[in-house]
Each structure stands twice: as C-alpha cells, then as structure tokens.
file final_22.cif (mmCIF, N, CA and C atoms)
data_protein
loop_
_atom_site.label_atom_id
_atom_site.label_comp_id
_atom_site.auth_asym_id
_atom_site.auth_seq_id
_atom_site.Cartn_x
_atom_site.Cartn_y
_atom_site.Cartn_z
N MET A 1 0.81 -1.18 0.00
CA MET A 1 0.00 0.00 0.00
C MET A 1 0.86 1.26 0.00
N LEU A 2 1.97 1.20 0.70
CA LEU A 2 2.80 2.39 0.79
C LEU A 2 3.40 2.76 -0.57
N ILE A 3 3.79 1.76 -1.36
CA ILE A 3 4.41 2.06 -2.66
C ILE A 3 3.40 2.75 -3.56
N HIS A 4 2.13 2.32 -3.49
CA HIS A 4 1.10 2.95 -4.32
C HIS A 4 0.89 4.39 -3.86
N HIS A 5 0.87 4.59 -2.56
CA HIS A 5 0.63 5.93 -2.00
C HIS A 5 1.74 6.90 -2.39
N PHE A 6 2.98 6.41 -2.42
CA PHE A 6 4.12 7.29 -2.66
C PHE A 6 4.68 7.23 -4.07
N MET A 7 4.10 6.44 -4.96
CA MET A 7 4.76 6.21 -6.25
C MET A 7 4.89 7.48 -7.09
N ASP A 8 4.03 8.47 -6.88
CA ASP A 8 4.16 9.71 -7.64
C ASP A 8 4.84 10.81 -6.84
N ALA A 9 5.19 10.54 -5.59
CA ALA A 9 5.80 11.56 -4.74
C ALA A 9 7.29 11.69 -5.05
N GLU A 10 7.82 12.86 -4.81
CA GLU A 10 9.26 13.08 -4.97
C GLU A 10 9.98 12.34 -3.85
N ALA A 11 11.15 11.82 -4.16
CA ALA A 11 11.93 11.08 -3.17
C ALA A 11 12.50 12.04 -2.14
N ASP A 12 12.17 11.80 -0.88
CA ASP A 12 12.73 12.59 0.21
C ASP A 12 14.05 11.96 0.62
N GLU A 13 14.86 12.74 1.34
CA GLU A 13 16.10 12.16 1.87
C GLU A 13 15.70 11.21 2.98
N THR A 14 16.07 9.97 2.85
CA THR A 14 15.72 9.00 3.88
C THR A 14 16.85 8.94 4.88
N ILE A 15 16.47 8.72 6.11
CA ILE A 15 17.46 8.62 7.18
C ILE A 15 17.57 7.15 7.54
N PRO A 16 18.74 6.54 7.29
CA PRO A 16 18.87 5.12 7.59
C PRO A 16 18.85 4.87 9.09
N PHE A 17 18.53 3.64 9.45
CA PHE A 17 18.53 3.19 10.84
C PHE A 17 17.51 3.93 11.69
N THR A 18 16.36 4.25 11.13
CA THR A 18 15.30 4.88 11.90
C THR A 18 14.30 3.80 12.30
N PRO A 19 13.58 4.03 13.39
CA PRO A 19 12.62 3.02 13.83
C PRO A 19 11.51 2.83 12.80
N HIS A 20 10.99 1.61 12.74
CA HIS A 20 9.91 1.28 11.81
C HIS A 20 8.64 1.99 12.26
N THR A 21 7.85 2.46 11.32
CA THR A 21 6.60 3.12 11.64
C THR A 21 5.43 2.23 11.26
N ALA A 22 4.33 2.37 11.96
CA ALA A 22 3.13 1.58 11.67
C ALA A 22 2.16 2.38 10.80
N TRP A 23 2.56 3.54 10.30
CA TRP A 23 1.67 4.38 9.50
C TRP A 23 1.28 3.68 8.22
N THR A 24 0.02 3.83 7.85
CA THR A 24 -0.46 3.35 6.57
C THR A 24 -1.34 4.45 5.97
N PRO A 25 -1.43 4.51 4.65
CA PRO A 25 -2.27 5.54 4.04
C PRO A 25 -3.74 5.28 4.34
N GLY A 26 -4.55 6.32 4.27
CA GLY A 26 -5.98 6.20 4.52
C GLY A 26 -6.64 5.28 3.50
N GLU A 27 -7.75 4.68 3.90
CA GLU A 27 -8.46 3.76 3.02
C GLU A 27 -8.85 4.41 1.69
N ASP A 28 -9.15 5.72 1.72
CA ASP A 28 -9.56 6.40 0.48
C ASP A 28 -8.41 6.61 -0.49
N LYS A 29 -7.18 6.37 -0.05
CA LYS A 29 -6.00 6.56 -0.90
C LYS A 29 -5.57 5.28 -1.61
N VAL A 30 -6.12 4.15 -1.19
CA VAL A 30 -5.71 2.86 -1.72
C VAL A 30 -6.78 2.35 -2.69
N PRO A 31 -6.38 1.94 -3.91
CA PRO A 31 -7.37 1.43 -4.86
C PRO A 31 -8.12 0.22 -4.31
N ARG A 32 -9.37 0.08 -4.69
CA ARG A 32 -10.25 -0.99 -4.24
C ARG A 32 -9.64 -2.36 -4.49
N GLU A 33 -8.97 -2.55 -5.64
CA GLU A 33 -8.39 -3.85 -5.99
C GLU A 33 -7.33 -4.27 -4.97
N ILE A 34 -6.55 -3.32 -4.53
CA ILE A 34 -5.48 -3.65 -3.57
C ILE A 34 -6.10 -4.01 -2.22
N THR A 35 -7.09 -3.23 -1.79
CA THR A 35 -7.76 -3.52 -0.52
C THR A 35 -8.41 -4.89 -0.56
N GLU A 36 -9.08 -5.23 -1.67
CA GLU A 36 -9.71 -6.55 -1.80
C GLU A 36 -8.67 -7.66 -1.80
N PHE A 37 -7.53 -7.43 -2.46
CA PHE A 37 -6.46 -8.43 -2.49
C PHE A 37 -5.94 -8.68 -1.08
N ILE A 38 -5.70 -7.61 -0.33
CA ILE A 38 -5.16 -7.75 1.03
C ILE A 38 -6.18 -8.45 1.92
N THR A 39 -7.43 -8.07 1.82
CA THR A 39 -8.48 -8.69 2.64
C THR A 39 -8.61 -10.17 2.31
N GLY A 40 -8.61 -10.51 1.01
CA GLY A 40 -8.72 -11.91 0.60
C GLY A 40 -7.53 -12.73 1.05
N THR A 41 -6.34 -12.16 0.95
CA THR A 41 -5.13 -12.88 1.37
C THR A 41 -5.13 -13.10 2.87
N ALA A 42 -5.50 -12.08 3.64
CA ALA A 42 -5.55 -12.22 5.10
C ALA A 42 -6.58 -13.27 5.49
N SER A 43 -7.71 -13.29 4.81
CA SER A 43 -8.75 -14.27 5.10
C SER A 43 -8.25 -15.69 4.78
N ALA A 44 -7.57 -15.85 3.65
CA ALA A 44 -7.05 -17.16 3.27
C ALA A 44 -6.02 -17.66 4.28
N ILE A 45 -5.20 -16.76 4.78
CA ILE A 45 -4.19 -17.14 5.77
C ILE A 45 -4.87 -17.55 7.07
N ARG A 46 -5.89 -16.78 7.50
CA ARG A 46 -6.61 -17.13 8.73
C ARG A 46 -7.30 -18.49 8.61
N ASP A 47 -7.78 -18.81 7.40
CA ASP A 47 -8.52 -20.06 7.20
C ASP A 47 -7.62 -21.28 7.02
N MET A 48 -6.32 -21.07 6.91
CA MET A 48 -5.40 -22.20 6.73
C MET A 48 -5.39 -23.05 7.99
N PRO A 49 -5.37 -24.35 7.82
CA PRO A 49 -5.32 -25.21 9.01
C PRO A 49 -3.98 -25.03 9.73
N ALA A 50 -4.06 -24.97 11.03
CA ALA A 50 -2.83 -24.82 11.82
C ALA A 50 -2.06 -26.13 11.79
N THR A 51 -0.78 -26.02 11.54
CA THR A 51 0.05 -27.22 11.56
C THR A 51 0.62 -27.39 12.95
N LYS A 52 0.66 -28.62 13.38
CA LYS A 52 1.20 -28.90 14.71
C LYS A 52 2.71 -28.78 14.68
N TYR A 53 3.23 -28.08 15.66
CA TYR A 53 4.67 -27.93 15.80
C TYR A 53 5.20 -29.13 16.57
N LYS A 54 6.17 -29.81 15.98
CA LYS A 54 6.78 -30.94 16.65
C LYS A 54 8.25 -30.63 16.87
N PRO A 55 8.63 -30.34 18.10
CA PRO A 55 10.04 -29.99 18.36
C PRO A 55 10.96 -31.17 18.09
N ASN A 56 12.19 -30.84 17.69
CA ASN A 56 13.17 -31.90 17.45
C ASN A 56 14.08 -32.10 18.65
N LEU A 57 13.73 -31.46 19.76
CA LEU A 57 14.48 -31.64 21.01
C LEU A 57 13.56 -32.23 22.08
N THR A 58 14.15 -32.95 22.99
CA THR A 58 13.37 -33.44 24.13
C THR A 58 13.10 -32.27 25.06
N ARG A 59 12.25 -32.48 26.02
CA ARG A 59 11.95 -31.43 27.02
C ARG A 59 13.23 -31.04 27.76
N LYS A 60 14.06 -32.03 28.05
CA LYS A 60 15.33 -31.78 28.74
C LYS A 60 16.25 -30.91 27.87
N GLY A 61 16.27 -31.22 26.56
CA GLY A 61 17.07 -30.42 25.63
C GLY A 61 16.56 -28.99 25.52
N MET A 62 15.24 -28.83 25.48
CA MET A 62 14.65 -27.48 25.43
C MET A 62 15.00 -26.69 26.70
N ASP A 63 14.94 -27.35 27.85
CA ASP A 63 15.29 -26.68 29.11
C ASP A 63 16.76 -26.25 29.09
N ALA A 64 17.63 -27.11 28.56
CA ALA A 64 19.06 -26.79 28.48
C ALA A 64 19.27 -25.58 27.56
N MET A 65 18.56 -25.55 26.41
CA MET A 65 18.68 -24.41 25.48
C MET A 65 18.23 -23.11 26.16
N THR A 66 17.14 -23.17 26.90
CA THR A 66 16.64 -21.98 27.59
C THR A 66 17.64 -21.51 28.64
N GLU A 67 18.21 -22.46 29.35
CA GLU A 67 19.20 -22.12 30.37
C GLU A 67 20.43 -21.44 29.74
N LEU A 68 20.90 -21.97 28.62
CA LEU A 68 22.03 -21.36 27.92
C LEU A 68 21.68 -19.96 27.42
N ARG A 69 20.49 -19.83 26.81
CA ARG A 69 20.07 -18.54 26.25
C ARG A 69 19.97 -17.48 27.34
N ASP A 70 19.53 -17.85 28.52
CA ASP A 70 19.33 -16.89 29.61
C ASP A 70 20.59 -16.62 30.41
N ASN A 71 21.67 -17.30 30.12
CA ASN A 71 22.92 -17.13 30.86
C ASN A 71 23.66 -15.90 30.33
N ASP A 72 23.75 -14.85 31.16
CA ASP A 72 24.41 -13.60 30.76
C ASP A 72 25.93 -13.69 30.77
N GLU A 73 26.48 -14.78 31.24
CA GLU A 73 27.93 -14.91 31.31
C GLU A 73 28.53 -15.51 30.05
N ILE A 74 27.68 -15.90 29.10
CA ILE A 74 28.18 -16.49 27.85
C ILE A 74 27.60 -15.76 26.65
N VAL A 75 28.26 -15.93 25.51
CA VAL A 75 27.79 -15.41 24.21
C VAL A 75 27.65 -16.62 23.29
N ILE A 76 26.49 -16.72 22.64
CA ILE A 76 26.25 -17.80 21.69
C ILE A 76 26.15 -17.17 20.32
N LYS A 77 26.98 -17.62 19.38
CA LYS A 77 26.97 -17.04 18.04
C LYS A 77 27.32 -18.10 17.00
N PRO A 78 26.96 -17.84 15.73
CA PRO A 78 27.32 -18.80 14.68
C PRO A 78 28.83 -18.83 14.50
N ALA A 79 29.34 -20.00 14.17
CA ALA A 79 30.76 -20.12 13.89
C ALA A 79 31.07 -19.41 12.58
N ASP A 80 32.34 -18.99 12.41
CA ASP A 80 32.74 -18.31 11.18
C ASP A 80 32.57 -19.21 9.96
N LYS A 81 32.76 -20.49 10.15
CA LYS A 81 32.66 -21.43 9.03
C LYS A 81 31.76 -22.59 9.43
N GLY A 82 31.07 -23.13 8.48
CA GLY A 82 30.21 -24.27 8.75
C GLY A 82 28.90 -23.86 9.38
N SER A 83 28.17 -24.83 9.84
CA SER A 83 26.85 -24.56 10.41
C SER A 83 26.85 -24.79 11.92
N SER A 84 28.00 -24.63 12.53
CA SER A 84 28.13 -24.85 13.96
C SER A 84 27.83 -23.57 14.73
N ILE A 85 27.69 -23.73 16.04
CA ILE A 85 27.59 -22.55 16.89
C ILE A 85 28.76 -22.56 17.86
N VAL A 86 29.08 -21.38 18.37
CA VAL A 86 30.18 -21.23 19.31
C VAL A 86 29.62 -20.65 20.60
N ILE A 87 30.01 -21.22 21.71
CA ILE A 87 29.64 -20.68 23.02
C ILE A 87 30.91 -20.17 23.66
N MET A 88 30.95 -18.87 23.96
CA MET A 88 32.16 -18.26 24.53
C MET A 88 31.84 -17.57 25.85
N ASP A 89 32.81 -17.51 26.71
CA ASP A 89 32.72 -16.71 27.91
C ASP A 89 32.58 -15.25 27.50
N ARG A 90 31.61 -14.53 28.06
CA ARG A 90 31.33 -13.15 27.64
C ARG A 90 32.55 -12.25 27.82
N GLN A 91 33.27 -12.37 28.91
CA GLN A 91 34.44 -11.52 29.14
C GLN A 91 35.52 -11.80 28.08
N GLN A 92 35.73 -13.06 27.74
CA GLN A 92 36.72 -13.41 26.71
C GLN A 92 36.28 -12.87 25.36
N TYR A 93 34.98 -12.98 25.06
CA TYR A 93 34.43 -12.48 23.79
C TYR A 93 34.66 -10.97 23.67
N LEU A 94 34.35 -10.21 24.73
CA LEU A 94 34.54 -8.76 24.72
C LEU A 94 36.02 -8.40 24.61
N PHE A 95 36.87 -9.16 25.31
CA PHE A 95 38.31 -8.92 25.23
C PHE A 95 38.80 -9.10 23.79
N ASP A 96 38.40 -10.22 23.14
CA ASP A 96 38.82 -10.48 21.76
C ASP A 96 38.28 -9.44 20.80
N ALA A 97 37.03 -9.03 20.97
CA ALA A 97 36.44 -8.03 20.09
C ALA A 97 37.18 -6.70 20.22
N ASN A 98 37.45 -6.27 21.43
CA ASN A 98 38.18 -5.01 21.63
C ASN A 98 39.61 -5.09 21.13
N ARG A 99 40.23 -6.25 21.30
CA ARG A 99 41.60 -6.43 20.80
C ARG A 99 41.63 -6.25 19.29
N GLN A 100 40.66 -6.82 18.60
CA GLN A 100 40.62 -6.68 17.14
C GLN A 100 40.30 -5.24 16.73
N LEU A 101 39.34 -4.62 17.40
CA LEU A 101 38.95 -3.26 17.04
C LEU A 101 40.05 -2.24 17.33
N ASN A 102 40.94 -2.56 18.26
CA ASN A 102 42.02 -1.63 18.61
C ASN A 102 43.25 -1.79 17.73
N LYS A 103 43.21 -2.67 16.74
CA LYS A 103 44.32 -2.81 15.79
C LYS A 103 44.24 -1.63 14.82
N ILE A 104 45.09 -0.61 15.04
CA ILE A 104 44.98 0.61 14.24
C ILE A 104 45.34 0.39 12.78
N GLU A 105 46.04 -0.70 12.47
CA GLU A 105 46.35 -0.97 11.06
C GLU A 105 45.12 -1.52 10.32
N LEU A 106 44.09 -1.96 11.06
CA LEU A 106 42.88 -2.49 10.45
C LEU A 106 41.66 -1.58 10.60
N TYR A 107 41.57 -0.88 11.72
CA TYR A 107 40.40 -0.07 12.02
C TYR A 107 40.81 1.35 12.40
N THR A 108 40.00 2.31 11.99
CA THR A 108 40.19 3.70 12.38
C THR A 108 38.95 4.15 13.14
N LYS A 109 39.16 4.71 14.31
CA LYS A 109 38.03 5.19 15.11
C LYS A 109 37.50 6.47 14.47
N LEU A 110 36.21 6.54 14.29
CA LEU A 110 35.58 7.71 13.67
C LEU A 110 35.11 8.67 14.75
N ASP A 111 35.24 9.96 14.45
CA ASP A 111 34.76 10.97 15.39
C ASP A 111 33.23 11.08 15.34
N GLU A 112 32.67 10.78 14.18
CA GLU A 112 31.22 10.84 14.02
C GLU A 112 30.81 9.87 12.92
N PRO A 113 29.54 9.51 12.85
CA PRO A 113 29.09 8.57 11.82
C PRO A 113 29.31 9.13 10.41
N ILE A 114 29.55 8.25 9.45
CA ILE A 114 29.79 8.69 8.07
C ILE A 114 28.76 8.13 7.10
N TYR A 115 27.65 7.60 7.62
CA TYR A 115 26.70 6.93 6.73
C TYR A 115 26.06 7.89 5.73
N LYS A 116 25.85 9.16 6.10
CA LYS A 116 25.24 10.09 5.14
C LYS A 116 26.16 10.31 3.94
N GLU A 117 27.46 10.52 4.19
CA GLU A 117 28.40 10.70 3.10
C GLU A 117 28.53 9.43 2.27
N THR A 118 28.57 8.29 2.96
CA THR A 118 28.69 7.02 2.27
C THR A 118 27.45 6.77 1.41
N GLN A 119 26.29 7.08 1.94
CA GLN A 119 25.04 6.90 1.18
C GLN A 119 25.07 7.74 -0.09
N LYS A 120 25.54 8.98 0.00
CA LYS A 120 25.63 9.85 -1.17
C LYS A 120 26.65 9.31 -2.18
N GLU A 121 27.81 8.87 -1.69
CA GLU A 121 28.83 8.33 -2.58
C GLU A 121 28.32 7.10 -3.33
N ILE A 122 27.63 6.22 -2.64
CA ILE A 122 27.08 5.03 -3.29
C ILE A 122 26.05 5.43 -4.34
N GLY A 123 25.21 6.41 -4.00
CA GLY A 123 24.23 6.91 -4.96
C GLY A 123 24.89 7.48 -6.20
N ASP A 124 25.98 8.25 -5.99
CA ASP A 124 26.72 8.82 -7.13
C ASP A 124 27.33 7.72 -8.00
N ILE A 125 27.89 6.70 -7.36
CA ILE A 125 28.49 5.58 -8.11
C ILE A 125 27.42 4.87 -8.93
N LEU A 126 26.27 4.61 -8.32
CA LEU A 126 25.19 3.94 -9.05
C LEU A 126 24.68 4.81 -10.20
N ASP A 127 24.59 6.12 -9.97
CA ASP A 127 24.18 7.02 -11.06
C ASP A 127 25.19 6.96 -12.20
N ASP A 128 26.49 6.97 -11.87
CA ASP A 128 27.53 6.88 -12.91
C ASP A 128 27.40 5.57 -13.68
N CYS A 129 27.19 4.47 -12.95
CA CYS A 129 27.03 3.17 -13.62
C CYS A 129 25.82 3.20 -14.55
N ASN A 130 24.76 3.80 -14.08
CA ASN A 130 23.55 3.88 -14.89
C ASN A 130 23.81 4.68 -16.16
N ASN A 131 24.50 5.78 -16.03
CA ASN A 131 24.77 6.64 -17.20
C ASN A 131 25.78 6.01 -18.15
N GLN A 132 26.82 5.37 -17.64
CA GLN A 132 27.88 4.82 -18.48
C GLN A 132 27.50 3.47 -19.10
N ASN A 133 26.87 2.62 -18.31
CA ASN A 133 26.60 1.28 -18.78
C ASN A 133 25.16 1.08 -19.24
N GLY A 134 24.36 2.13 -19.16
CA GLY A 134 22.98 2.01 -19.59
C GLY A 134 22.15 1.08 -18.74
N PHE A 135 22.44 1.01 -17.43
CA PHE A 135 21.60 0.20 -16.56
C PHE A 135 20.17 0.66 -16.68
N ARG A 136 19.26 -0.28 -16.70
CA ARG A 136 17.85 0.05 -16.79
C ARG A 136 17.36 0.45 -15.40
N GLU A 137 16.65 1.56 -15.35
CA GLU A 137 16.12 2.02 -14.07
C GLU A 137 15.09 1.01 -13.58
N LYS A 138 15.19 0.65 -12.32
CA LYS A 138 14.31 -0.38 -11.78
C LYS A 138 13.34 0.23 -10.78
N ARG A 139 12.44 1.05 -11.26
CA ARG A 139 11.39 1.59 -10.41
C ARG A 139 10.17 0.72 -10.60
N THR A 140 9.78 0.03 -9.58
CA THR A 140 8.64 -0.86 -9.68
C THR A 140 7.46 -0.24 -8.95
N THR A 141 6.34 -0.21 -9.62
CA THR A 141 5.12 0.30 -8.99
C THR A 141 4.13 -0.84 -8.86
N VAL A 142 3.14 -0.61 -8.06
CA VAL A 142 2.12 -1.64 -7.86
C VAL A 142 1.45 -1.97 -9.19
N THR A 143 1.22 -0.97 -10.03
CA THR A 143 0.56 -1.24 -11.31
C THR A 143 1.43 -2.11 -12.21
N GLN A 144 2.74 -1.95 -12.18
CA GLN A 144 3.62 -2.80 -12.96
C GLN A 144 3.57 -4.24 -12.45
N ILE A 145 3.51 -4.39 -11.14
CA ILE A 145 3.46 -5.74 -10.56
C ILE A 145 2.14 -6.41 -10.93
N LEU A 146 1.04 -5.67 -10.82
CA LEU A 146 -0.26 -6.25 -11.09
C LEU A 146 -0.45 -6.52 -12.60
N ALA A 147 0.30 -5.84 -13.46
CA ALA A 147 0.15 -6.02 -14.90
C ALA A 147 0.70 -7.36 -15.35
N HIS A 148 1.57 -7.97 -14.55
CA HIS A 148 2.19 -9.25 -14.97
C HIS A 148 1.47 -10.42 -14.44
#
call {"tool": "encode", "arguments": {"input": "final_22.cif", "output": "structure tokens"}}
result
Amino acid sequence: MLIHHFMDAEADETIPFTPHTAWTPGEDKVPREITEFITGTASAIRDMPATKYKPNLTRKGMDAMTELRDNDEIVIKPADKGSSIVIMDRQQYLFDANRQLNKIELYTKLDEPIYKETQKEIGDILDDCNNQNGFREKRTTVTQILAH
C-alpha cells in the first residue's frame, strides 16, 4: 500500500537506521483492488489449518537451550565457518572483540558517523554506472506488478 501511496511523490532524503513506523495511508487513498487483495489474502491465511509444531528436542534439551540462552555470562553465536555454533565466555568475547577493534592498522576510530556521506557516494556511483553502462532504471510500482 505504501508504494502505491508514494509512487508519484518526490523522493525525500531518507534517514537510515530509523525506527519502523506503523503508519499506513488512509483507506480512500488505496485502490479498491489492492484492498480486496489484502483482505482476501488475510482471510485465506486465517482459514489455513494450523500445523502442529513438533520440536526436534526433548523437554530436557529445550530446558538446556533456555538455560544457555538466559545465561548472561556467555555469548552464543554462529561459527565463522560451517553450520556450527560457538559458546564463549562473555568476558573473553569482549576482550577479543576489543583487541581486534584496537588494531589501528585495520580499524580507524571515527569521530562521528559517516553513513550520510557514504550513502551519497554510493548513490553517485550507481548514477555513474547507470549513465555509463545504460543500466535500466528499476522503479517498480504496484501497477507494474499487477500487470504481470
């Protein structure tokens, strides 16, 4: 609904990392077809039979997972390689993270965030690519989606 509401609006400067909003356009701003599609889809989802969840762990295993998750003295994270997980002592994890971040040959501490400049630079690069290589503009509107 939001794309239809804003598809003719000028692009405002967006601020990255802002909280999600629950705003939606008024009912009078959304075409009847879209409202009917959303209503029908929501109804179909509600009418779907609920599938029973069958855990692949025993009750004892679930309790152990909960105990690990709630333990503030450890950090649980995916391993760098493979599909394993790593459980580390939180103090050791923080020590290793700070040790890596303090390597001045790898990282430079910033006085302030640079995302606005970076966002503009990326936009300029994409514009140059579009102009030089003839990239096709990919503006998709609800009407284009519904036409296919």
call {"tool": "atom_distance", "arguments": {"input": "final_22.cif", "atom1": "atom C of Ile74 (chain A)", "atom2": "atom N of Lys103 (chain A)"}}
result
22.7 Å
call {"tool": "atom_distance", "arguments": {"input": "final_22.cif", "atom1": "CA of Gly26 (chain A)", "atom2": "CA of Ala42 (chain A)"}}
result
18.4 Å
call {"tool": "atom_distance", "arguments": {"input": "final_22.cif", "atom1": "CA of Gln91 (chain A)", "atom2": "CA of Asp72 (chain A)"}}
result
10.4 Å
call {"tool": "select_by_dssp", "arguments": {"input": "final_22.cif", "residues": "region 36-82 of chain A", "states": "strand (DSSP E or B)", "output": "list in words"}}
result
Ile74, Val75, Ile76, Lys77 and Pro78 of chain A
call {"tool": "residues_around", "arguments": {"input": "final_22.cif", "residues": "Ile87 (chain A)", "least_positions_apart": "4", "cutoff": "6.5 Å", "atoms": "all atoms listed in the file", "output": "PDB file with N, CA and C atoms, keeping the file's coordinate frame"}}
result
ATOM      1  N   ILE A  74      27.680 -15.900  29.100  1.00  0.00           N
ATOM      2  CA  ILE A  74      28.180 -16.490  27.850  1.00  0.00           C
ATOM      3  C   ILE A  74      27.600 -15.760  26.650  1.00  0.00           C
ATOM      4  N   VAL A  75      28.260 -15.930  25.510  1.00  0.00           N
ATOM      5  CA  VAL A  75      27.790 -15.410  24.210  1.00  0.00           C
ATOM      6  C   VAL A  75      27.650 -16.620  23.290  1.00  0.00           C
ATOM      7  N   ILE A  76      26.490 -16.720  22.640  1.00  0.00           N
ATOM      8  CA  ILE A  76      26.250 -17.800  21.690  1.00  0.00           C
ATOM      9  C   ILE A  76      26.150 -17.170  20.320  1.00  0.00           C
ATOM     10  N   LYS A  77      26.980 -17.620  19.380  1.00  0.00           N
ATOM     11  CA  LYS A  77      26.970 -17.040  18.040  1.00  0.00           C
ATOM     12  C   LYS A  77      27.320 -18.100  17.000  1.00  0.00           C
TER      13      LYS A  77
END
call {"tool": "select_by_dssp", "arguments": {"input": "final_22.cif", "residues": "region 6-141 of chain A", "states": "alpha helix (DSSP H)", "output": "VMD selection string"}}
result
chain A and resid 6 32 to 47 59 to 69 90 to 101 115 to 133
call {"tool": "build_atoms", "arguments": {"input": "final_22.cif", "residues": "region 87-98 of chain A", "atoms": "N, CA, C and O atoms", "output": "short mmCIF file (atom, residue, chain, number, x, y, z; two decimals), in the coordinates of the input"}}
result
data_model
loop_
_atom_site.label_atom_id
_atom_site.label_comp_id
_atom_site.auth_asym_id
_atom_site.auth_seq_id
_atom_site.Cartn_x
_atom_site.Cartn_y
_atom_site.Cartn_z
N ILE A 87 30.01 -21.22 21.71
CA ILE A 87 29.64 -20.68 23.02
C ILE A 87 30.91 -20.17 23.66
O ILE A 87 31.86 -20.93 23.84
N MET A 88 30.95 -18.87 23.96
CA MET A 88 32.16 -18.26 24.53
C MET A 88 31.84 -17.57 25.85
O MET A 88 30.73 -17.06 26.05
N ASP A 89 32.81 -17.51 26.71
CA ASP A 89 32.72 -16.71 27.91
C ASP A 89 32.58 -15.25 27.50
O ASP A 89 33.31 -14.76 26.64
N ARG A 90 31.61 -14.53 28.06
CA ARG A 90 31.33 -13.15 27.64
C ARG A 90 32.55 -12.25 27.82
O ARG A 90 32.86 -11.44 26.95
N GLN A 91 33.27 -12.37 28.91
CA GLN A 91 34.44 -11.52 29.14
C GLN A 91 35.52 -11.80 28.08
O GLN A 91 36.14 -10.86 27.57
N GLN A 92 35.73 -13.06 27.74
CA GLN A 92 36.72 -13.41 26.71
C GLN A 92 36.28 -12.87 25.36
O GLN A 92 37.08 -12.36 24.58
N TYR A 93 34.98 -12.98 25.06
CA TYR A 93 34.43 -12.48 23.79
C TYR A 93 34.66 -10.97 23.67
O TYR A 93 35.12 -10.47 22.64
N LEU A 94 34.35 -10.21 24.73
CA LEU A 94 34.54 -8.76 24.72
C LEU A 94 36.02 -8.40 24.61
O LEU A 94 36.39 -7.46 23.90
N PHE A 95 36.87 -9.16 25.31
CA PHE A 95 38.31 -8.92 25.23
C PHE A 95 38.80 -9.10 23.79
O PHE A 95 39.52 -8.26 23.25
N ASP A 96 38.40 -10.22 23.14
CA ASP A 96 38.82 -10.48 21.76
C ASP A 96 38.28 -9.44 20.80
O ASP A 96 38.98 -8.99 19.89
N ALA A 97 37.03 -9.03 20.97
CA ALA A 97 36.44 -8.03 20.09
C ALA A 97 37.18 -6.70 20.22
O ALA A 97 37.53 -6.07 19.21
N ASN A 98 37.45 -6.27 21.43
CA ASN A 98 38.18 -5.01 21.63
C ASN A 98 39.61 -5.09 21.13
O ASN A 98 40.14 -4.12 20.59
#
